>>> print(open('run_18.cif').read())   # mmCIF, C-alpha atoms
data_work
#
loop_
_atom_site.label_atom_id
_atom_site.label_comp_id
_atom_site.auth_asym_id
_atom_site.auth_seq_id
_atom_site.Cartn_x
_atom_site.Cartn_y
_atom_site.Cartn_z
CA GLU J 147 38.01 5.23 7.07
CA THR J 148 41.75 5.13 6.32
CA GLY J 149 42.82 2.89 9.19
CA VAL J 150 45.07 5.64 10.55
CA THR J 151 44.08 6.59 14.09
CA GLN J 152 45.25 9.54 16.13
CA SER J 153 44.88 10.36 19.80
CA PRO J 154 43.74 12.43 21.48
CA THR J 155 41.24 14.15 19.18
CA HIS J 156 41.35 17.43 21.08
CA LEU J 157 43.79 18.89 23.56
CA ILE J 158 44.20 22.19 25.41
CA LYS J 159 47.61 23.09 26.79
CA THR J 160 49.18 26.13 28.40
CA ARG J 161 52.05 28.04 26.81
CA GLY J 162 55.39 26.56 27.90
CA GLN J 163 54.03 23.07 28.49
CA GLN J 164 54.96 19.93 26.58
CA VAL J 165 52.61 17.70 24.57
CA THR J 166 52.73 14.21 23.05
CA LEU J 167 50.45 13.23 20.18
CA ARG J 168 50.05 9.64 19.01
CA CYS J 169 49.40 7.93 15.70
CA SER J 170 48.72 4.33 14.73
CA SER J 171 49.49 3.71 11.08
CA GLN J 172 47.47 1.63 8.66
CA SER J 173 48.23 -2.08 8.83
CA GLY J 174 51.30 -2.94 6.75
CA HIS J 175 52.47 0.68 6.42
CA ASN J 176 56.03 1.36 7.57
CA THR J 177 56.21 5.12 6.92
CA VAL J 178 54.61 7.83 9.01
CA SER J 179 54.63 11.57 8.32
CA TRP J 180 53.40 14.40 10.52
CA TYR J 181 51.85 17.64 9.31
CA GLN J 182 50.72 20.84 10.99
CA GLN J 183 47.62 22.55 9.61
CA ALA J 184 46.91 26.05 10.89
CA LEU J 185 43.42 27.46 10.46
CA GLY J 186 42.72 28.35 6.83
CA GLN J 187 46.00 26.89 5.61
CA GLY J 188 47.12 23.70 3.91
CA PRO J 189 49.03 21.10 5.93
CA GLN J 190 52.76 21.78 6.39
CA PHE J 191 55.25 18.91 6.55
CA ILE J 192 56.94 18.50 9.94
CA PHE J 193 58.92 15.24 9.53
CA GLN J 194 58.75 11.66 8.33
CA TYR J 195 59.75 8.36 9.90
CA TYR J 196 60.65 5.26 7.93
CA ARG J 197 61.33 2.02 9.79
CA GLU J 198 61.97 3.86 13.07
CA GLU J 199 64.40 6.41 11.59
CA GLU J 200 63.72 10.05 10.77
CA ASN J 201 64.30 10.47 7.03
CA GLY J 202 63.05 13.94 6.24
CA ARG J 203 62.25 17.11 8.12
CA GLY J 204 60.45 20.32 7.25
CA ASN J 205 61.10 23.83 8.45
CA PHE J 206 60.20 23.28 12.12
CA PRO J 207 62.38 24.02 15.18
CA PRO J 208 64.04 21.24 17.24
CA ARG J 209 61.39 21.49 19.95
CA PHE J 210 59.28 19.45 17.52
CA SER J 211 60.53 15.89 17.81
CA GLY J 212 59.22 12.45 17.03
CA LEU J 213 59.56 8.75 17.45
CA GLN J 214 58.50 5.65 15.56
CA PHE J 215 58.09 2.31 17.30
CA PRO J 216 58.79 -1.22 16.03
CA ASN J 217 55.06 -1.65 15.25
CA TYR J 218 55.37 1.56 13.14
CA SER J 219 53.12 3.63 15.36
CA SER J 220 54.49 7.08 16.03
CA GLU J 221 54.57 10.00 18.45
CA LEU J 222 54.99 13.71 17.91
CA ASN J 223 56.38 15.67 20.85
CA VAL J 224 56.34 19.43 21.12
CA ASN J 225 58.24 21.16 23.93
CA ALA J 226 57.90 24.71 25.21
CA LEU J 227 54.54 25.23 23.55
CA GLU J 228 53.84 28.59 21.94
CA LEU J 229 50.48 30.14 21.06
CA ASP J 230 51.28 29.72 17.35
CA ASP J 231 51.50 25.95 17.83
CA SER J 232 47.70 25.89 18.00
CA ALA J 233 46.70 23.86 14.94
CA LEU J 234 45.37 20.55 13.65
CA TYR J 235 48.18 17.97 13.72
CA LEU J 236 47.83 15.29 11.09
CA CYS J 237 49.51 11.96 10.77
CA ALA J 238 49.77 10.16 7.42
CA SER J 239 50.91 6.61 6.78
CA SER J 240 52.15 5.01 3.59
CA LEU J 241 53.56 1.69 2.47
CA GLU J 242 57.01 3.05 1.61
CA THR J 243 58.77 6.35 1.14
CA GLY J 244 59.12 7.95 -2.26
CA SER J 245 57.05 10.10 -4.54
CA ASN J 246 54.90 7.35 -6.04
CA THR J 247 53.27 6.11 -2.88
CA GLU J 248 49.85 7.12 -1.64
CA ALA J 249 49.55 8.54 1.85
CA PHE J 250 46.47 8.17 4.02
CA PHE J 251 45.65 10.64 6.75
CA GLY J 252 44.16 10.25 10.18
CA GLN J 253 41.47 12.54 11.57
CA GLY J 254 43.99 14.73 13.31
CA THR J 255 44.53 16.08 16.81
CA ARG J 256 43.36 19.62 17.38
CA LEU J 257 45.77 21.33 19.76
CA THR J 258 44.88 24.62 21.39
CA VAL J 259 47.60 26.48 23.29
CA VAL J 260 46.36 29.16 25.70
CA GLN A 120 56.78 31.91 -4.40
CA LYS A 121 55.01 28.96 -2.76
CA GLU A 122 55.60 25.62 -4.45
CA VAL A 123 51.86 24.95 -4.82
CA GLU A 124 49.46 27.88 -5.17
CA GLN A 125 45.71 27.62 -4.76
CA ASP A 126 42.96 30.22 -4.52
CA PRO A 127 41.36 29.78 -1.06
CA GLY A 128 37.89 30.85 -2.23
CA PRO A 129 35.24 30.44 -0.95
CA LEU A 130 33.58 29.21 -4.12
CA SER A 131 29.78 28.88 -4.12
CA VAL A 132 27.93 27.12 -6.95
CA PRO A 133 24.36 25.81 -7.32
CA GLU A 134 23.65 22.11 -7.01
CA GLY A 135 24.11 20.27 -10.31
CA ALA A 136 26.67 22.69 -11.71
CA ILE A 137 30.12 21.71 -12.93
CA VAL A 138 32.82 22.81 -10.51
CA SER A 139 36.34 23.68 -11.64
CA LEU A 140 39.11 23.88 -9.04
CA ASN A 141 42.62 24.91 -10.03
CA CYS A 142 46.19 25.09 -8.76
CA THR A 143 49.58 26.05 -10.12
CA TYR A 144 52.95 24.72 -9.06
CA SER A 145 56.48 25.98 -9.49
CA ASN A 146 58.75 22.92 -9.34
CA SER A 147 59.07 21.32 -12.78
CA ALA A 148 60.47 18.16 -11.14
CA PHE A 149 57.08 17.32 -9.63
CA GLN A 150 55.63 14.18 -11.18
CA TYR A 151 52.85 13.11 -8.82
CA PHE A 152 49.79 15.19 -8.17
CA MET A 153 46.93 14.67 -5.77
CA TRP A 154 43.59 16.12 -4.79
CA TYR A 155 42.39 15.71 -1.22
CA ARG A 156 38.95 16.55 0.15
CA GLN A 157 38.73 17.75 3.74
CA TYR A 158 35.49 18.13 5.64
CA SER A 159 35.34 20.47 8.59
CA ARG A 160 37.30 19.16 11.60
CA LYS A 161 38.41 16.03 9.71
CA GLY A 162 41.64 14.83 8.15
CA PRO A 163 42.24 15.08 4.38
CA GLU A 164 40.83 12.23 2.29
CA LEU A 165 42.60 11.23 -0.94
CA LEU A 166 40.31 11.78 -3.93
CA MET A 167 42.50 11.52 -7.00
CA TYR A 168 46.13 10.60 -7.66
CA THR A 169 47.73 11.24 -11.06
CA TYR A 170 51.15 10.84 -12.58
CA SER A 171 52.64 13.35 -15.03
CA SER A 172 50.39 15.06 -17.58
CA GLY A 173 46.97 13.93 -18.67
CA ASN A 174 43.48 13.26 -17.38
CA LYS A 175 42.13 10.78 -14.87
CA GLU A 176 38.45 10.18 -14.29
CA ASP A 177 36.69 8.60 -11.31
CA GLY A 178 32.92 8.85 -11.30
CA ARG A 179 31.92 12.50 -11.16
CA PHE A 180 35.52 13.62 -10.62
CA THR A 181 38.14 14.35 -13.28
CA ALA A 182 41.71 15.38 -12.48
CA GLN A 183 43.80 17.09 -15.13
CA VAL A 184 47.50 17.91 -15.14
CA ASP A 185 49.22 20.14 -17.71
CA LYS A 186 52.95 20.02 -17.00
CA SER A 187 53.77 22.50 -19.79
CA SER A 188 51.88 25.23 -17.94
CA LYS A 189 52.33 23.72 -14.43
CA TYR A 190 48.56 23.71 -13.97
CA ILE A 191 46.47 21.22 -11.98
CA SER A 192 42.67 21.02 -12.21
CA LEU A 193 39.84 19.10 -10.60
CA PHE A 194 36.40 19.03 -12.20
CA ILE A 195 33.29 17.88 -10.36
CA ARG A 196 30.23 17.08 -12.48
CA ASP A 197 26.66 17.13 -11.19
CA SER A 198 27.80 18.73 -7.93
CA GLN A 199 25.96 17.74 -4.75
CA PRO A 200 25.59 19.52 -1.39
CA SER A 201 27.67 16.66 0.09
CA ASP A 202 30.59 17.87 -2.07
CA SER A 203 30.80 20.99 0.12
CA ALA A 204 34.26 20.79 1.67
CA THR A 205 37.77 22.16 1.35
CA TYR A 206 39.70 20.75 -1.62
CA LEU A 207 43.47 20.58 -1.32
CA CYS A 208 45.73 20.13 -4.33
CA ALA A 209 49.14 18.67 -3.64
CA SER A 210 52.27 17.34 -5.19
CA ARG A 211 54.83 14.97 -3.80
CA ASN A 212 58.57 14.36 -3.89
CA ASP A 213 59.86 13.02 -0.58
CA LYS A 214 57.05 14.86 1.20
CA ILE A 215 53.59 16.08 0.27
CA ILE A 216 53.40 19.78 -0.53
CA PHE A 217 49.90 21.18 -0.24
CA GLY A 218 48.17 24.24 -1.53
CA LYS A 219 46.14 26.33 0.89
CA GLY A 220 42.90 24.61 -0.06
CA THR A 221 39.75 25.98 -1.73
CA ARG A 222 36.54 26.09 0.31
CA LEU A 223 33.65 24.91 -1.86
CA HIS A 224 29.96 25.42 -1.07
CA ILE A 225 27.31 23.65 -3.14
CA LEU A 226 24.01 25.48 -2.73
CA PRO A 227 20.87 23.28 -2.67
#
>>> encode(input="run_18.cif", output="structure tokens")
Amino acid sequence: ETGVTQSPTHLIKTRGQQVTLRCSSQSGHNTVSWYQQALGQGPQFIFQYYREEENGRGNFPPRFSGLQFPNYSSELNVNALELDDSALYLCASSLETGSNTEAFFGQGTRLTVV
Amino acid sequence: QKEVEQDPGPLSVPEGAIVSLNCTYSNSAFQYFMWYRQYSRKGPELLMYTYSSGNKEDGRFTAQVDKSSKYISLFIRDSQPSDSATYLCASRNDKIIFGKGTRLHILP
């Protein structure tokens, strides 16, 4: 186990609705990144939070937004859900930002949009 | 061209065989390379983490990076049915960039 926990594990939403996914980072880690993994694909970077500030974003529209709290846990919010948003959403935590730090992933939240 | 390319497989090999998994990457600035293992319906688990060119060994697993050819490899010796999973190669700058993953089946 990595110590990174995500909730809920599964979720079904209707197109147009909004969803909030949650992540608790590993103890001592101040950086959280979110990834979207569509079926049969590798994870795609959504954004990263470092000490409560967004400090990197991938090629995702503004309806994907996030938050990091003082205890370094994090939320991913998606508005106006589309069918293509159906995917496994992964959270990863690391001790710092930068290319030489290891990231540890949670089990993911599987979102189905119908 | 994707930054990290990986053949999705599936790759099926008999138990006990040596498995070779490969990726290529396009960005010559990449310095850190990783292999993750992902079981069905689970998050990726970090297997190996290497810096620059060279080999790194951990038990039955060996990771190899050749920066001159931009080639990343993972070798699994004495493969076991429990090694059946999807293997993701990745590199990292300010974010992790993954390949598509290769589905591996070890046949008992």
>>> resolve_selection(input="run_18.cif", expression="the PyMOL selection byres ((chain A) within 8 of (chain J))", output="count of residues only")
20
>>> resolve_selection(input="run_18.cif", expression="the PyMOL selection byres ((chain A and resi 195) around 9)", output="list in words")
Ala136, Ile137, Val138, Ser139, Leu140, Arg179, Phe180, Thr181, Leu193, Phe194, Arg196, Asp197, Ser198 and Asp202 of chain A
>>> atom_distance(input="run_18.cif", atom1="CA of Asn223 (chain J)", atom2="CA of Gly162 (chain J)")
13.0 Å
>>> atom_distance(input="run_18.cif", atom1="CA of Leu130 (chain A)", atom2="CA of Ile225 (chain A)")
8.4 Å
>>> atom_distance(input="run_18.cif", atom1="CA of Tyr206 (chain A)", atom2="CA of Ser232 (chain J)")
21.8 Å
>>> resolve_selection(input="run_18.cif", expression="the PyMOL selection byres ((chain A and resi 144) around 12)", output="JSON, numbers by chain")
{"A": [120, 121, 122, 123, 124, 125, 141, 142, 143, 145, 146, 147, 148, 149, 150, 151, 152, 184, 185, 186, 187, 188, 189, 190, 191, 192, 208, 209, 210, 211, 216, 217, 218]}
>>> closest_residue(input="run_18.cif", among="J:Val260, J:Asn205, J:Ser171, J:Glu199", to="Ser219 (chain J)", atoms="all atoms listed in the file")
J:Ser171
>>> residues_around(input="run_18.cif", residues="Gly128 (chain A)", least_positions_apart="2", cutoff="6 Å", atoms="only C-alpha atoms", output="ChimeraX atom specification")
/A:126,130,221-222
>>> closest_residue(input="run_18.cif", among="J:Val259, J:Leu241, J:Val165, J:Ala233", to="Leu185 (chain J)", atoms="all atoms listed in the file")
J:Ala233
>>> build_atoms(input="run_18.cif", residues="region 168-179 of chain J", atoms="all heavy atoms", output="PDB file, keeping the file's coordinate frame")
ATOM      1  N   ARG J 168      49.802  11.008  19.422  1.00  0.00           N
ATOM      2  CA  ARG J 168      50.050   9.640  19.010  1.00  0.00           C
ATOM      3  C   ARG J 168      49.336   9.275  17.720  1.00  0.00           C
ATOM      4  O   ARG J 168      48.264   9.803  17.430  1.00  0.00           O
ATOM      5  CB  ARG J 168      49.649   8.677  20.131  1.00  0.00           C
ATOM      6  CG  ARG J 168      50.515   8.842  21.368  1.00  0.00           C
ATOM      7  CD  ARG J 168      50.128   7.943  22.514  1.00  0.00           C
ATOM      8  NE  ARG J 168      51.084   8.080  23.605  1.00  0.00           N
ATOM      9  CZ  ARG J 168      51.037   9.036  24.531  1.00  0.00           C
ATOM     10  NH1 ARG J 168      50.072   9.940  24.500  1.00  0.00           N
ATOM     11  NH2 ARG J 168      51.958   9.083  25.479  1.00  0.00           N
ATOM     12  N   CYS J 169      49.951   8.345  16.982  1.00  0.00           N
ATOM     13  CA  CYS J 169      49.400   7.930  15.700  1.00  0.00           C
ATOM     14  C   CYS J 169      49.641   6.431  15.504  1.00  0.00           C
ATOM     15  O   CYS J 169      50.770   5.949  15.687  1.00  0.00           O
ATOM     16  CB  CYS J 169      50.093   8.708  14.577  1.00  0.00           C
ATOM     17  SG  CYS J 169      49.696   8.161  12.907  1.00  0.00           S
ATOM     18  N   SER J 170      48.587   5.727  15.126  1.00  0.00           N
ATOM     19  CA  SER J 170      48.720   4.330  14.730  1.00  0.00           C
ATOM     20  C   SER J 170      48.540   4.251  13.222  1.00  0.00           C
ATOM     21  O   SER J 170      47.509   4.682  12.695  1.00  0.00           O
ATOM     22  CB  SER J 170      47.658   3.470  15.417  1.00  0.00           C
ATOM     23  OG  SER J 170      47.896   3.409  16.786  1.00  0.00           O
ATOM     24  N   SER J 171      49.532   3.731  12.549  1.00  0.00           N
ATOM     25  CA  SER J 171      49.490   3.710  11.080  1.00  0.00           C
ATOM     26  C   SER J 171      48.601   2.586  10.579  1.00  0.00           C
ATOM     27  O   SER J 171      48.248   1.670  11.318  1.00  0.00           O
ATOM     28  CB  SER J 171      50.902   3.569  10.514  1.00  0.00           C
ATOM     29  OG  SER J 171      51.511   2.394  11.002  1.00  0.00           O
ATOM     30  N   GLN J 172      48.258   2.682   9.294  1.00  0.00           N
ATOM     31  CA  GLN J 172      47.470   1.630   8.660  1.00  0.00           C
ATOM     32  C   GLN J 172      48.268   0.330   8.638  1.00  0.00           C
ATOM     33  O   GLN J 172      49.492   0.341   8.491  1.00  0.00           O
ATOM     34  CB  GLN J 172      47.110   2.074   7.239  1.00  0.00           C
ATOM     35  CG  GLN J 172      46.140   1.167   6.512  1.00  0.00           C
ATOM     36  CD  GLN J 172      45.644   1.780   5.220  1.00  0.00           C
ATOM     37  OE1 GLN J 172      45.592   2.987   5.081  1.00  0.00           O
ATOM     38  NE2 GLN J 172      45.279   0.945   4.270  1.00  0.00           N
ATOM     39  N   SER J 173      47.570  -0.781   8.791  1.00  0.00           N
ATOM     40  CA  SER J 173      48.230  -2.080   8.830  1.00  0.00           C
ATOM     41  C   SER J 173      49.112  -2.285   7.606  1.00  0.00           C
ATOM     42  O   SER J 173      48.690  -2.064   6.470  1.00  0.00           O
ATOM     43  CB  SER J 173      47.161  -3.178   8.899  1.00  0.00           C
ATOM     44  OG  SER J 173      47.773  -4.446   8.876  1.00  0.00           O
ATOM     45  N   GLY J 174      50.373  -2.679   7.859  1.00  0.00           N
ATOM     46  CA  GLY J 174      51.300  -2.940   6.750  1.00  0.00           C
ATOM     47  C   GLY J 174      52.104  -1.731   6.310  1.00  0.00           C
ATOM     48  O   GLY J 174      53.045  -1.869   5.528  1.00  0.00           O
ATOM     49  N   HIS J 175      51.751  -0.534   6.814  1.00  0.00           N
ATOM     50  CA  HIS J 175      52.470   0.680   6.420  1.00  0.00           C
ATOM     51  C   HIS J 175      53.656   0.907   7.352  1.00  0.00           C
ATOM     52  O   HIS J 175      53.519   0.852   8.572  1.00  0.00           O
ATOM     53  CB  HIS J 175      51.544   1.892   6.468  1.00  0.00           C
ATOM     54  CG  HIS J 175      50.586   1.948   5.337  1.00  0.00           C
ATOM     55  ND1 HIS J 175      49.749   3.024   5.124  1.00  0.00           N
ATOM     56  CD2 HIS J 175      50.329   1.076   4.334  1.00  0.00           C
ATOM     57  CE1 HIS J 175      49.019   2.805   4.043  1.00  0.00           C
ATOM     58  NE2 HIS J 175      49.352   1.621   3.556  1.00  0.00           N
ATOM     59  N   ASN J 176      54.836   1.194   6.757  1.00  0.00           N
ATOM     60  CA  ASN J 176      56.030   1.360   7.570  1.00  0.00           C
ATOM     61  C   ASN J 176      56.529   2.811   7.614  1.00  0.00           C
ATOM     62  O   ASN J 176      57.568   3.092   8.190  1.00  0.00           O
ATOM     63  CB  ASN J 176      57.160   0.451   7.073  1.00  0.00           C
ATOM     64  CG  ASN J 176      57.482   0.709   5.607  1.00  0.00           C
ATOM     65  OD1 ASN J 176      57.167   1.760   5.057  1.00  0.00           O
ATOM     66  ND2 ASN J 176      58.110  -0.266   4.964  1.00  0.00           N
ATOM     67  N   THR J 177      55.791   3.716   6.999  1.00  0.00           N
ATOM     68  CA  THR J 177      56.210   5.120   6.920  1.00  0.00           C
ATOM     69  C   THR J 177      55.129   6.011   7.500  1.00  0.00           C
ATOM     70  O   THR J 177      53.955   5.867   7.146  1.00  0.00           O
ATOM     71  CB  THR J 177      56.479   5.515   5.460  1.00  0.00           C
ATOM     72  OG1 THR J 177      57.466   4.650   4.911  1.00  0.00           O
ATOM     73  CG2 THR J 177      56.971   6.953   5.373  1.00  0.00           C
ATOM     74  N   VAL J 178      55.545   6.895   8.385  1.00  0.00           N
ATOM     75  CA  VAL J 178      54.610   7.830   9.010  1.00  0.00           C
ATOM     76  C   VAL J 178      55.144   9.246   8.841  1.00  0.00           C
ATOM     77  O   VAL J 178      56.328   9.496   9.079  1.00  0.00           O
ATOM     78  CB  VAL J 178      54.418   7.519  10.504  1.00  0.00           C
ATOM     79  CG1 VAL J 178      53.599   8.618  11.169  1.00  0.00           C
ATOM     80  CG2 VAL J 178      53.725   6.181  10.687  1.00  0.00           C
ATOM     81  N   SER J 179      54.279  10.151   8.430  1.00  0.00           N
ATOM     82  CA  SER J 179      54.630  11.570   8.320  1.00  0.00           C
ATOM     83  C   SER J 179      53.691  12.383   9.191  1.00  0.00           C
ATOM     84  O   SER J 179      52.536  12.006   9.381  1.00  0.00           O
ATOM     85  CB  SER J 179      54.487  12.043   6.866  1.00  0.00           C
ATOM     86  OG  SER J 179      55.278  11.267   5.997  1.00  0.00           O
TER      87      SER J 179
END
